[in-house]
>>> print(open('my_file.cif').read())   # mmCIF, C-alpha atoms
data_final
#
loop_
_atom_site.group_PDB
_atom_site.id
_atom_site.type_symbol
_atom_site.label_atom_id
_atom_site.label_comp_id
_atom_site.auth_asym_id
_atom_site.auth_seq_id
_atom_site.Cartn_x
_atom_site.Cartn_y
_atom_site.Cartn_z
ATOM 1 C CA VAL I 988 14.240 -8.736 6.631
ATOM 2 C CA GLY I 989 16.955 -8.950 9.228
ATOM 3 C CA GLY I 990 19.175 -6.121 10.340
ATOM 4 C CA GLY I 991 18.842 -2.373 10.378
ATOM 5 C CA LEU I 992 19.138 0.227 7.684
ATOM 6 C CA GLY I 993 22.874 -0.265 7.675
ATOM 7 C CA THR I 994 22.458 -3.919 6.656
ATOM 8 C CA ARG I 995 23.844 -4.593 3.227
ATOM 9 C CA THR I 996 22.543 -6.922 0.547
ATOM 10 C CA ARG I 997 25.360 -8.486 -1.457
ATOM 11 C CA THR I 998 25.090 -9.770 -5.027
ATOM 12 C CA LYS I 999 28.447 -11.323 -5.906
ATOM 13 C CA ASN I 1000 30.723 -8.374 -6.786
ATOM 14 C CA ASN I 1001 28.118 -5.772 -5.862
ATOM 15 C CA THR I 1002 27.123 -4.335 -2.502
ATOM 16 C CA MET I 1003 24.170 -2.078 -1.783
ATOM 17 C CA THR I 1004 22.435 -0.855 1.318
ATOM 18 C CA LEU I 1005 19.107 -2.375 2.340
ATOM 19 C CA PRO I 1006 17.111 0.759 1.326
ATOM 20 C CA GLN I 1007 18.785 0.604 -2.098
ATOM 21 C CA ALA I 1008 17.916 -3.069 -2.390
ATOM 22 C CA LEU I 1009 14.284 -2.406 -1.425
ATOM 23 C CA ALA I 1010 13.944 0.479 -3.863
ATOM 24 C CA THR I 1011 15.505 -1.616 -6.624
ATOM 25 C CA LEU I 1012 13.166 -4.527 -5.861
ATOM 26 C CA PHE I 1013 10.168 -2.243 -6.109
ATOM 27 C CA LEU I 1014 11.434 -1.051 -9.491
ATOM 28 C CA PHE I 1015 11.936 -4.710 -10.451
ATOM 29 C CA ALA I 1016 8.243 -5.316 -9.804
ATOM 30 C CA ILE I 1017 7.302 -2.568 -12.238
ATOM 31 C CA ASN I 1018 10.115 -2.597 -14.785
ATOM 32 C CA PRO I 1019 12.537 -5.540 -14.530
ATOM 33 C CA ALA I 1020 14.783 -4.283 -17.310
ATOM 34 C CA GLN I 1021 15.250 -0.904 -15.699
ATOM 35 C CA ALA I 1022 15.854 -2.494 -12.302
ATOM 36 C CA ALA I 1023 18.519 -4.760 -13.732
ATOM 37 C CA SER I 1024 20.169 -1.757 -15.342
ATOM 38 C CA SER I 1025 20.164 0.156 -12.071
ATOM 39 C CA VAL I 1026 21.906 -2.740 -10.316
ATOM 40 C CA SER I 1027 24.409 -3.093 -13.148
ATOM 41 C CA ALA I 1028 25.209 0.599 -12.837
ATOM 42 C CA THR I 1029 26.906 -0.105 -9.499
ATOM 43 C CA ASN I 1030 29.338 -2.337 -11.379
ATOM 44 C CA PRO I 1031 29.600 -1.399 -15.091
ATOM 45 C CA THR I 1032 31.629 -4.515 -15.861
ATOM 46 C CA ARG I 1033 28.816 -6.869 -14.841
ATOM 47 C CA THR I 1034 25.303 -7.204 -16.217
ATOM 48 C CA PHE I 1035 22.398 -8.619 -14.235
ATOM 49 C CA PRO I 1036 19.840 -10.430 -16.379
ATOM 50 C CA ARG I 1037 16.343 -10.673 -14.957
ATOM 51 C CA ARG I 1038 16.766 -14.339 -14.025
ATOM 52 C CA VAL I 1039 20.046 -13.767 -12.164
ATOM 53 C CA PHE I 1040 18.664 -10.748 -10.330
ATOM 54 C CA ALA I 1041 15.605 -12.697 -9.171
ATOM 55 C CA THR I 1042 17.841 -15.541 -7.976
ATOM 56 C CA GLN I 1043 19.894 -13.142 -5.870
ATOM 57 C CA LEU I 1044 16.748 -11.674 -4.353
ATOM 58 C CA ARG I 1045 15.517 -15.130 -3.380
ATOM 59 C CA ARG I 1046 18.860 -15.930 -1.751
ATOM 60 C CA GLN I 1047 18.475 -12.795 0.368
ATOM 61 C CA HIS I 1048 14.860 -13.818 1.206
ATOM 62 C CA LEU I 1049 13.616 -10.631 -0.445
ATOM 63 C CA LEU I 1050 11.530 -12.481 -3.011
ATOM 64 C CA PRO I 1051 9.315 -15.529 -2.399
ATOM 65 C CA SER I 1052 10.450 -18.858 -3.775
ATOM 66 C CA LYS I 1053 9.121 -20.054 -7.122
ATOM 67 C CA ALA I 1054 6.982 -22.602 -5.281
ATOM 68 C CA ALA I 1055 5.399 -19.860 -3.178
ATOM 69 C CA GLN I 1056 4.749 -17.801 -6.285
ATOM 70 C CA ASN I 1057 3.097 -20.714 -8.036
ATOM 71 C CA ASN I 1058 0.764 -21.242 -5.086
ATOM 72 C CA ASP I 1059 -0.229 -17.598 -4.746
ATOM 73 C CA ALA I 1060 -2.892 -16.062 -6.960
ATOM 74 C CA THR I 1061 -1.572 -12.557 -6.341
ATOM 75 C CA MET I 1062 1.781 -13.563 -7.792
ATOM 76 C CA ASN I 1063 0.406 -15.563 -10.700
ATOM 77 C CA ASP I 1064 -2.307 -13.242 -11.969
ATOM 78 C CA ARG I 1065 -0.643 -10.590 -14.076
ATOM 79 C CA ASN I 1066 -2.576 -7.459 -14.796
ATOM 80 C CA PRO I 1067 -2.899 -6.221 -18.415
ATOM 81 C CA VAL I 1068 0.369 -4.294 -18.267
ATOM 82 C CA GLY I 1069 2.352 -7.314 -17.111
ATOM 83 C CA ARG I 1070 3.171 -6.327 -13.520
ATOM 84 C CA ARG I 1071 3.302 -8.741 -10.603
ATOM 85 C CA PRO I 1072 2.828 -7.625 -7.022
ATOM 86 C CA VAL I 1073 5.974 -8.403 -5.060
ATOM 87 C CA VAL I 1074 5.978 -9.456 -1.422
ATOM 88 C CA LEU I 1075 9.055 -8.927 0.714
ATOM 89 C CA SER I 1076 9.682 -11.022 3.781
ATOM 90 C CA GLY I 1077 8.230 -8.838 6.507
ATOM 91 C CA ILE I 1078 7.480 -5.843 4.282
ATOM 92 C CA PRO I 1079 4.411 -5.338 2.045
ATOM 93 C CA PHE I 1080 6.528 -3.999 -0.761
ATOM 94 C CA GLY I 1081 5.023 -2.553 -3.866
ATOM 95 C CA LEU I 1082 2.082 -1.750 -1.560
ATOM 96 C CA ALA I 1083 0.038 -3.653 -4.115
ATOM 97 C CA ALA I 1084 -3.657 -2.903 -4.232
ATOM 98 C CA ALA I 1085 -5.442 -6.189 -4.851
ATOM 99 C CA GLY I 1086 -8.577 -4.443 -6.030
ATOM 100 C CA ALA I 1087 -6.728 -2.900 -8.933
ATOM 101 C CA MET I 1088 -5.204 -6.123 -10.253
ATOM 102 C CA GLY I 1089 -7.436 -6.125 -13.302
ATOM 103 C CA ALA I 1090 -7.294 -2.389 -13.891
ATOM 104 C CA ALA I 1091 -6.517 -0.917 -17.269
ATOM 105 C CA PRO I 1092 -3.197 0.943 -17.549
ATOM 106 C CA THR I 1093 -5.074 4.181 -18.190
ATOM 107 C CA ALA I 1094 -8.321 5.148 -16.553
ATOM 108 C CA PRO I 1095 -10.899 7.891 -17.055
ATOM 109 C CA VAL I 1096 -11.682 10.122 -14.111
ATOM 110 C CA ASP I 1097 -15.002 9.388 -12.437
ATOM 111 C CA ALA I 1098 -17.343 12.354 -12.968
ATOM 112 C CA ALA I 1099 -17.943 12.814 -9.237
ATOM 113 C CA VAL I 1100 -14.223 12.724 -8.522
ATOM 114 C CA GLU I 1101 -13.450 15.154 -11.327
ATOM 115 C CA ALA I 1102 -16.076 17.602 -10.050
ATOM 116 C CA GLN I 1103 -14.556 17.591 -6.570
ATOM 117 C CA ALA I 1104 -10.904 17.662 -7.559
ATOM 118 C CA GLY I 1105 -10.835 21.379 -8.271
ATOM 119 C CA VAL I 1106 -11.839 22.389 -4.733
ATOM 120 C CA ASP I 1107 -8.920 24.012 -2.918
ATOM 121 C CA GLY I 1108 -8.102 24.123 0.781
ATOM 122 C CA PRO I 1109 -7.588 21.333 3.274
ATOM 123 C CA PHE I 1110 -10.434 19.394 4.863
ATOM 124 C CA TYR I 1111 -10.509 16.994 7.773
ATOM 125 C CA VAL I 1112 -11.646 13.397 8.078
ATOM 126 C CA GLN I 1113 -12.064 11.673 11.412
ATOM 127 C CA PHE I 1114 -11.587 7.941 11.788
ATOM 128 C CA GLU I 1115 -12.990 6.240 14.863
ATOM 129 C CA VAL I 1116 -10.350 3.536 15.206
ATOM 130 C CA ALA I 1117 -11.308 0.444 17.182
ATOM 131 C CA LEU I 1118 -7.934 -0.685 18.471
ATOM 132 C CA SER I 1119 -9.556 -3.538 20.390
ATOM 133 C CA ASP I 1120 -12.932 -4.530 21.778
ATOM 134 C CA GLN I 1121 -12.305 -2.274 24.772
ATOM 135 C CA ARG I 1122 -10.564 0.711 23.194
ATOM 136 C CA THR I 1123 -11.547 3.166 20.451
ATOM 137 C CA GLU I 1124 -9.546 6.284 19.589
ATOM 138 C CA PRO I 1125 -10.286 9.183 17.218
ATOM 139 C CA VAL I 1126 -7.765 9.864 14.457
ATOM 140 C CA THR I 1127 -7.986 13.075 12.423
ATOM 141 C CA ILE I 1128 -6.551 13.202 8.915
ATOM 142 C CA GLU I 1129 -5.878 16.539 7.251
ATOM 143 C CA ILE I 1130 -6.476 16.136 3.507
ATOM 144 C CA HIS I 1131 -4.732 18.491 1.073
ATOM 145 C CA PRO I 1132 -6.302 18.639 -2.409
ATOM 146 C CA ASP I 1133 -3.368 20.796 -3.510
ATOM 147 C CA TRP I 1134 -1.013 17.883 -2.781
ATOM 148 C CA ALA I 1135 -2.893 15.327 -4.877
ATOM 149 C CA PRO I 1136 -6.228 16.634 -6.214
ATOM 150 C CA LEU I 1137 -7.522 13.429 -7.775
ATOM 151 C CA GLY I 1138 -6.492 11.285 -4.825
ATOM 152 C CA ALA I 1139 -8.011 13.730 -2.324
ATOM 153 C CA ALA I 1140 -11.273 13.796 -4.258
ATOM 154 C CA GLN I 1141 -11.374 10.008 -4.488
ATOM 155 C CA PHE I 1142 -10.830 9.698 -0.743
ATOM 156 C CA GLN I 1143 -13.545 12.279 -0.035
ATOM 157 C CA LYS I 1144 -16.008 10.397 -2.233
ATOM 158 C CA LEU I 1145 -15.209 7.086 -0.535
ATOM 159 C CA VAL I 1146 -15.633 8.596 2.942
ATOM 160 C CA ASN I 1147 -18.975 10.151 1.965
ATOM 161 C CA ASP I 1148 -20.107 6.797 0.556
ATOM 162 C CA GLY I 1149 -19.289 5.093 3.862
ATOM 163 C CA PHE I 1150 -16.775 2.823 2.156
ATOM 164 C CA TYR I 1151 -14.226 2.842 4.980
ATOM 165 C CA ASP I 1152 -16.709 2.080 7.756
ATOM 166 C CA ASP I 1153 -15.835 -1.261 9.366
ATOM 167 C CA CYS I 1154 -12.652 -1.616 7.258
ATOM 168 C CA ARG I 1155 -9.848 -3.616 8.883
ATOM 169 C CA PHE I 1156 -6.198 -2.584 9.051
ATOM 170 C CA PHE I 1157 -5.160 -5.836 7.437
ATOM 171 C CA ARG I 1158 -1.435 -5.243 6.984
ATOM 172 C CA VAL I 1159 0.871 -3.723 9.591
ATOM 173 C CA VAL I 1160 4.658 -3.574 9.252
ATOM 174 C CA ASP I 1161 6.352 -1.964 12.225
ATOM 175 C CA GLY I 1162 8.302 1.144 11.253
ATOM 176 C CA PHE I 1163 7.060 1.031 7.655
ATOM 177 C CA VAL I 1164 3.322 1.210 6.947
ATOM 178 C CA VAL I 1165 -0.169 0.268 8.087
ATOM 179 C CA GLN I 1166 -2.443 -0.621 5.174
ATOM 180 C CA PHE I 1167 -6.249 -0.621 4.863
ATOM 181 C CA GLY I 1168 -9.022 -0.006 2.356
ATOM 182 C CA LEU I 1169 -10.744 -3.286 1.526
ATOM 183 C CA ASN I 1170 -14.406 -3.154 2.468
ATOM 184 C CA GLY I 1171 -15.877 -5.939 4.592
ATOM 185 C CA ASP I 1172 -18.566 -6.619 1.983
ATOM 186 C CA PRO I 1173 -17.206 -8.259 -1.211
ATOM 187 C CA GLU I 1174 -20.112 -6.861 -3.256
ATOM 188 C CA ILE I 1175 -19.186 -3.316 -2.229
ATOM 189 C CA ASN I 1176 -15.551 -3.910 -3.150
ATOM 190 C CA LYS I 1177 -16.643 -4.895 -6.655
ATOM 191 C CA LYS I 1178 -18.320 -1.511 -7.135
ATOM 192 C CA TYR I 1179 -15.110 0.421 -6.504
ATOM 193 C CA ARG I 1180 -12.626 -1.295 -8.779
ATOM 194 C CA LYS I 1181 -12.508 1.538 -11.292
ATOM 195 C CA PRO I 1182 -9.069 3.165 -10.895
ATOM 196 C CA ILE I 1183 -8.189 6.838 -11.086
ATOM 197 C CA PRO I 1184 -5.186 8.394 -12.854
ATOM 198 C CA ASP I 1185 -2.062 9.225 -10.920
ATOM 199 C CA ASP I 1186 -1.348 12.554 -9.294
ATOM 200 C CA LYS I 1187 2.058 14.154 -9.439
ATOM 201 C CA VAL I 1188 4.051 13.528 -6.265
ATOM 202 C CA ARG I 1189 4.222 16.909 -4.558
ATOM 203 C CA GLN I 1190 4.856 15.870 -0.949
ATOM 204 C CA SER I 1191 7.149 13.321 0.633
ATOM 205 C CA ASN I 1192 6.111 10.037 2.265
ATOM 206 C CA VAL I 1193 7.231 11.022 5.747
ATOM 207 C CA ARG I 1194 5.868 9.598 8.974
ATOM 208 C CA GLY I 1195 2.144 10.272 9.351
ATOM 209 C CA THR I 1196 1.351 10.924 5.706
ATOM 210 C CA VAL I 1197 -1.549 9.098 4.066
ATOM 211 C CA THR I 1198 -1.142 7.685 0.561
ATOM 212 C CA PHE I 1199 -3.047 5.468 -1.872
ATOM 213 C CA ALA I 1200 -1.639 2.000 -2.487
ATOM 214 C CA THR I 1201 -1.108 1.027 -6.100
ATOM 215 C CA SER I 1202 -0.284 -1.968 -8.283
ATOM 216 C CA GLY I 1203 1.285 0.233 -10.961
ATOM 217 C CA PRO I 1204 0.614 3.472 -12.848
ATOM 218 C CA ASN I 1205 -3.006 4.714 -12.876
ATOM 219 C CA SER I 1206 -4.256 1.937 -10.612
ATOM 220 C CA ARG I 1207 -5.407 3.696 -7.415
ATOM 221 C CA THR I 1208 -8.820 2.569 -6.197
ATOM 222 C CA THR I 1209 -9.565 2.271 -2.455
ATOM 223 C CA GLN I 1210 -6.547 0.853 -0.644
ATOM 224 C CA MET I 1211 -4.396 3.246 1.348
ATOM 225 C CA PHE I 1212 -1.508 3.230 3.767
ATOM 226 C CA ILE I 1213 -0.261 5.439 6.570
ATOM 227 C CA ASN I 1214 3.498 5.841 6.773
ATOM 228 C CA LEU I 1215 4.815 4.710 10.150
ATOM 229 C CA GLY I 1216 8.306 5.949 9.282
ATOM 230 C CA ASP I 1217 10.000 8.302 6.842
ATOM 231 C CA ASN I 1218 9.626 6.304 3.621
ATOM 232 C CA THR I 1219 10.955 8.965 1.286
ATOM 233 C CA PHE I 1220 12.209 6.364 -1.207
ATOM 234 C CA LEU I 1221 8.541 5.891 -2.194
ATOM 235 C CA ASP I 1222 8.433 9.448 -3.554
ATOM 236 C CA THR I 1223 10.246 8.526 -6.752
ATOM 237 C CA ARG I 1224 8.027 5.458 -7.236
ATOM 238 C CA GLY I 1225 4.834 7.443 -7.839
ATOM 239 C CA PHE I 1226 3.255 7.268 -4.370
ATOM 240 C CA ALA I 1227 1.600 10.667 -3.890
ATOM 241 C CA PRO I 1228 0.529 11.539 -0.312
ATOM 242 C CA ILE I 1229 -2.916 13.140 -0.087
ATOM 243 C CA GLY I 1230 -2.772 14.228 3.546
ATOM 244 C CA ARG I 1231 -1.407 13.582 7.008
ATOM 245 C CA VAL I 1232 -2.483 12.435 10.436
ATOM 246 C CA VAL I 1233 -2.643 15.431 12.785
ATOM 247 C CA GLY I 1234 -2.784 16.016 16.524
ATOM 248 C CA ASP I 1235 -1.953 12.947 18.621
ATOM 249 C CA GLY I 1236 -3.497 10.662 15.993
ATOM 250 C CA MET I 1237 -0.240 8.816 15.386
ATOM 251 C CA ARG I 1238 -0.340 7.564 18.964
ATOM 252 C CA ALA I 1239 -3.460 5.596 18.033
ATOM 253 C CA ILE I 1240 -2.031 4.568 14.657
ATOM 254 C CA ASP I 1241 1.068 3.183 16.364
ATOM 255 C CA ALA I 1242 -1.228 1.132 18.618
ATOM 256 C CA ILE I 1243 -3.017 -0.614 15.721
ATOM 257 C CA TYR I 1244 -2.792 -4.375 16.175
ATOM 258 C CA GLY I 1245 0.027 -5.888 14.145
ATOM 259 C CA GLY I 1246 0.491 -9.253 15.794
ATOM 260 C CA TYR I 1247 -0.487 -11.361 12.789
ATOM 261 C CA GLY I 1248 2.606 -10.372 10.820
ATOM 262 C CA GLU I 1249 2.993 -10.054 7.079
ATOM 263 C CA GLY I 1250 0.159 -11.112 4.818
ATOM 264 C CA ALA I 1251 0.031 -14.387 2.928
ATOM 265 C CA PRO I 1252 1.948 -15.973 1.325
ATOM 266 C CA ALA I 1253 5.082 -14.442 2.851
ATOM 267 C CA GLY I 1254 3.582 -14.467 6.351
ATOM 268 C CA SER I 1255 0.676 -15.738 8.398
ATOM 269 C CA GLY I 1256 -1.389 -12.542 8.124
ATOM 270 C CA PRO I 1257 -4.511 -11.892 6.034
ATOM 271 C CA ASP I 1258 -4.615 -12.767 2.343
ATOM 272 C CA GLN I 1259 -5.784 -9.779 0.301
ATOM 273 C CA MET I 1260 -7.434 -11.911 -2.345
ATOM 274 C CA ARG I 1261 -9.478 -13.776 0.268
ATOM 275 C CA ILE I 1262 -10.526 -10.452 1.777
ATOM 276 C CA GLN I 1263 -11.780 -9.466 -1.676
ATOM 277 C CA ARG I 1264 -13.775 -12.691 -2.004
ATOM 278 C CA GLN I 1265 -15.007 -13.214 1.576
ATOM 279 C CA GLY I 1266 -14.715 -9.834 3.294
ATOM 280 C CA ASN I 1267 -15.030 -9.479 7.049
ATOM 281 C CA VAL I 1268 -16.469 -13.005 7.381
ATOM 282 C CA TYR I 1269 -12.965 -14.283 6.590
ATOM 283 C CA LEU I 1270 -11.194 -11.666 8.713
ATOM 284 C CA THR I 1271 -13.419 -11.972 11.785
ATOM 285 C CA LYS I 1272 -13.093 -15.748 11.839
ATOM 286 C CA ASN I 1273 -9.348 -15.965 11.243
ATOM 287 C CA PHE I 1274 -7.986 -12.622 12.486
ATOM 288 C CA PRO I 1275 -10.343 -11.448 15.233
ATOM 289 C CA LYS I 1276 -7.837 -9.067 16.843
ATOM 290 C CA LEU I 1277 -7.435 -6.781 13.813
ATOM 291 C CA SER I 1278 -8.004 -3.104 14.545
ATOM 292 C CA TYR I 1279 -10.463 -1.366 12.255
ATOM 293 C CA VAL I 1280 -12.157 1.892 11.264
ATOM 294 C CA SER I 1281 -15.560 1.753 12.919
ATOM 295 C CA LYS I 1282 -16.640 5.032 11.328
ATOM 296 C CA ALA I 1283 -15.122 7.571 8.923
ATOM 297 C CA ALA I 1284 -16.627 11.025 8.430
ATOM 298 C CA ILE I 1285 -15.712 14.470 7.147
ATOM 299 C CA VAL I 1286 -15.665 16.749 10.188
ATOM 300 C CA SER I 1287 -14.694 20.105 8.672
ATOM 301 C CA GLY I 1288 -13.887 21.672 5.326
ATOM 302 C CA LYS I 1289 -15.716 19.950 2.471
ATOM 303 C CA ASN I 1290 -19.426 19.247 2.955
ATOM 304 C CA GLU I 1291 -19.374 21.118 6.266
#
>>> encode(input="my_file.cif", output="structure tokens")
Amino acid sequence: VGGGLGTRTRTKNNTMTLPQALATLFLFAINPAQAASSVSATNPTRTFPRRVFATQLRRQHLLPSKAAQNNDATMNDRNPVGRRPVVLSGIPFGLAAAGAMGAAPTAPVDAAVEAQAGVDGPFYVQFEVALSDQRTEPVTIEIHPDWAPLGAAQFQKLVNDGFYDDCRFFRVVDGFVVQFGLNGDPEINKKYRKPIPDDKVRQSNVRGTVTFATSGPNSRTTQMFINLGDNTFLDTRGFAPIGRVVGDGMRAIDAIYGGYGEGAPAGSGPDQMRIQRQGNVYLTKNFPKLSYVSKAAIVSGKNE
């Protein structure tokens, strides 16, 4: 998306800032009627039907063309509650978690997660981040169960299971987010498709915070993102941070390879659905420069 935060997106008689347009588009992905109403509120004399709103988004290159949607499984496969992941040009908006595409709108809490969710106090997870073949840096994440108890417990379980070992950072958008959390083994991914319920948003998505990606309410599974900027507009969209990168960890996070651009179909980067089906075989062959988590482990706090 061209321009800075002062860039405005114009829809005939309406004008809104780019952050407003992005927030509205995210709402459009979840609830088109409500999104249309929010746009109409800026001009009470004009209504914006779903079709007209989508047309305006395409003109601004904020929504893929109909042809691109028809050729993309992630756009065509609706989940049971009728939501489509939305891809912005240059921004992985909606932060859609491909592994949760078939998730039910409500989900029971896994017994192991539920048992761990009541444990108070922060704990620390260390990622060994392979930035390239020649450079590996440690990144420490401070996890706060009091911020998002179910999310923190889910993350702790996944780390203990070794799920994040050898996971690629497959989506990097400068100044916005870096996204990860699809295992390199498709069979392992299949075992972790059961979603957990949402946590209340108690902390803001500021730079350095770590948050689960989602394809809608109650759909968190394994995918996560680290905020590269202050993305506070995500707070009202249900994205609950579970912790934050501490120390000089963000120096390494900022160095994660992002040269492949946005993911398919909006860009030439990795396709989440192909990662699900083919794992690291697909990524290593087609995107060999991707940075990745070589090892994730709890280093203090829980399970000390």
>>> axis_aligned_box(input="my_file.cif", around="region 1254-1269 of chain I", padding_each_side="5 Å", output="AutoDock Vina command-line options")
--center_x -6.4 --center_y -12.6 --center_z 3.0 --size_x 30.1 --size_y 16.3 --size_z 20.7
>>> resolve_selection(input="my_file.cif", expression="the PyMOL selection byres ((chain I and resi 1270) around 10)", output="MDAnalysis selection string")
chainID I and resid 1155 1157 1171 1256:1258 1261:1262 1265:1269 1271:1277
>>> closest_residue(input="my_file.cif", among="I:Asp1217, I:Gln1259, I:Val1112, I:Val1193", to="Pro1173 (chain I)", atoms="all atoms listed in the file")
I:Gln1259
>>> atom_distance(input="my_file.cif", atom1="CA of Arg1238 (chain I)", atom2="CA of Arg1194 (chain I)")
11.9 Å
>>> residues_around(input="my_file.cif", residues="Val1197 (chain I)", least_positions_apart="3", cutoff="7 Å", atoms="only C-alpha atoms", output="number ranges by chain")
I: 1212-1214, 1228-1231
>>> closest_residue(input="my_file.cif", among="I:Gly1236, I:Phe1167, I:Thr1209, I:Val1188", to="Asp1148 (chain I)", atoms="all atoms listed in the file")
I:Thr1209
>>> closest_residue(input="my_file.cif", among="I:Pro1125, I:Gly1250, I:Gly1149, I:Gly1168", to="Met1237 (chain I)", atoms="only C-alpha atoms")
I:Pro1125
>>> resolve_selection(input="my_file.cif", expression="the PyMOL selection byres ((chain I and resi 1131-1136) around 8)", output="number ranges by chain")
I: 1104-1110, 1129-1130, 1137-1140, 1186-1190, 1227-1230
>>> write_last_selection(input="my_file.cif", atoms="C-alpha atoms", output="mmCIF file, in the frame of the given file")
data_model
loop_
_atom_site.group_PDB
_atom_site.id
_atom_site.type_symbol
_atom_site.label_atom_id
_atom_site.label_comp_id
_atom_site.auth_asym_id
_atom_site.auth_seq_id
_atom_site.Cartn_x
_atom_site.Cartn_y
_atom_site.Cartn_z
ATOM 1 C CA ALA I 1104 -10.904 17.662 -7.559
ATOM 2 C CA GLY I 1105 -10.835 21.379 -8.271
ATOM 3 C CA VAL I 1106 -11.839 22.389 -4.733
ATOM 4 C CA ASP I 1107 -8.920 24.012 -2.918
ATOM 5 C CA GLY I 1108 -8.102 24.123 0.781
ATOM 6 C CA PRO I 1109 -7.588 21.333 3.274
ATOM 7 C CA PHE I 1110 -10.434 19.394 4.863
ATOM 8 C CA GLU I 1129 -5.878 16.539 7.251
ATOM 9 C CA ILE I 1130 -6.476 16.136 3.507
ATOM 10 C CA LEU I 1137 -7.522 13.429 -7.775
ATOM 11 C CA GLY I 1138 -6.492 11.285 -4.825
ATOM 12 C CA ALA I 1139 -8.011 13.730 -2.324
ATOM 13 C CA ALA I 1140 -11.273 13.796 -4.258
ATOM 14 C CA ASP I 1186 -1.348 12.554 -9.294
ATOM 15 C CA LYS I 1187 2.058 14.154 -9.439
ATOM 16 C CA VAL I 1188 4.051 13.528 -6.265
ATOM 17 C CA ARG I 1189 4.222 16.909 -4.558
ATOM 18 C CA GLN I 1190 4.856 15.870 -0.949
ATOM 19 C CA ALA I 1227 1.600 10.667 -3.890
ATOM 20 C CA PRO I 1228 0.529 11.539 -0.312
ATOM 21 C CA ILE I 1229 -2.916 13.140 -0.087
ATOM 22 C CA GLY I 1230 -2.772 14.228 3.546
#
>>> decode(input="my_file.cif", residues="region 1108-1142 of chain I", atoms="C-alpha atoms", output="PDB file, in the first residue's frame")
ATOM      1  CA  GLY I1108       3.421 -15.099  37.059  1.00  0.00           C
ATOM      2  CA  PRO I1109       5.456 -14.519  33.931  1.00  0.00           C
ATOM      3  CA  PHE I1110       7.736 -17.135  32.399  1.00  0.00           C
ATOM      4  CA  TYR I1111      10.373 -16.893  29.712  1.00  0.00           C
ATOM      5  CA  VAL I1112      10.802 -18.668  26.398  1.00  0.00           C
ATOM      6  CA  GLN I1113      13.989 -18.469  24.382  1.00  0.00           C
ATOM      7  CA  PHE I1114      13.971 -18.753  20.612  1.00  0.00           C
ATOM      8  CA  GLU I1115      17.223 -19.540  18.843  1.00  0.00           C
ATOM      9  CA  VAL I1116      16.559 -17.593  15.654  1.00  0.00           C
ATOM     10  CA  ALA I1117      18.546 -18.599  12.585  1.00  0.00           C
ATOM     11  CA  LEU I1118      18.645 -15.339  10.666  1.00  0.00           C
ATOM     12  CA  SER I1119      20.799 -16.927   7.965  1.00  0.00           C
ATOM     13  CA  ASP I1120      23.111 -19.882   7.484  1.00  0.00           C
ATOM     14  CA  GLN I1121      25.889 -17.917   9.178  1.00  0.00           C
ATOM     15  CA  ARG I1122      24.028 -16.089  11.940  1.00  0.00           C
ATOM     16  CA  THR I1123      21.883 -17.254  14.866  1.00  0.00           C
ATOM     17  CA  GLU I1124      20.628 -14.946  17.617  1.00  0.00           C
ATOM     18  CA  PRO I1125      18.787 -15.677  20.880  1.00  0.00           C
ATOM     19  CA  VAL I1126      15.422 -13.988  21.399  1.00  0.00           C
ATOM     20  CA  THR I1127      13.756 -14.067  24.822  1.00  0.00           C
ATOM     21  CA  ILE I1128       9.989 -13.731  25.108  1.00  0.00           C
ATOM     22  CA  GLU I1129       8.402 -12.843  28.432  1.00  0.00           C
ATOM     23  CA  ILE I1130       5.016 -14.584  28.629  1.00  0.00           C
ATOM     24  CA  HIS I1131       2.305 -13.146  30.887  1.00  0.00           C
ATOM     25  CA  PRO I1132      -0.495 -15.591  31.776  1.00  0.00           C
ATOM     26  CA  ASP I1133      -2.327 -12.701  33.440  1.00  0.00           C
ATOM     27  CA  TRP I1134      -2.548 -10.953  30.055  1.00  0.00           C
ATOM     28  CA  ALA I1135      -4.101 -13.888  28.200  1.00  0.00           C
ATOM     29  CA  PRO I1136      -4.246 -17.086  30.292  1.00  0.00           C
ATOM     30  CA  LEU I1137      -5.514 -19.464  27.624  1.00  0.00           C
ATOM     31  CA  GLY I1138      -3.169 -18.125  24.965  1.00  0.00           C
ATOM     32  CA  ALA I1139      -0.175 -18.257  27.324  1.00  0.00           C
ATOM     33  CA  ALA I1140      -0.984 -21.840  28.270  1.00  0.00           C
ATOM     34  CA  GLN I1141      -1.399 -22.852  24.635  1.00  0.00           C
ATOM     35  CA  PHE I1142       1.963 -21.320  23.754  1.00  0.00           C
TER      36      PHE I1142
END
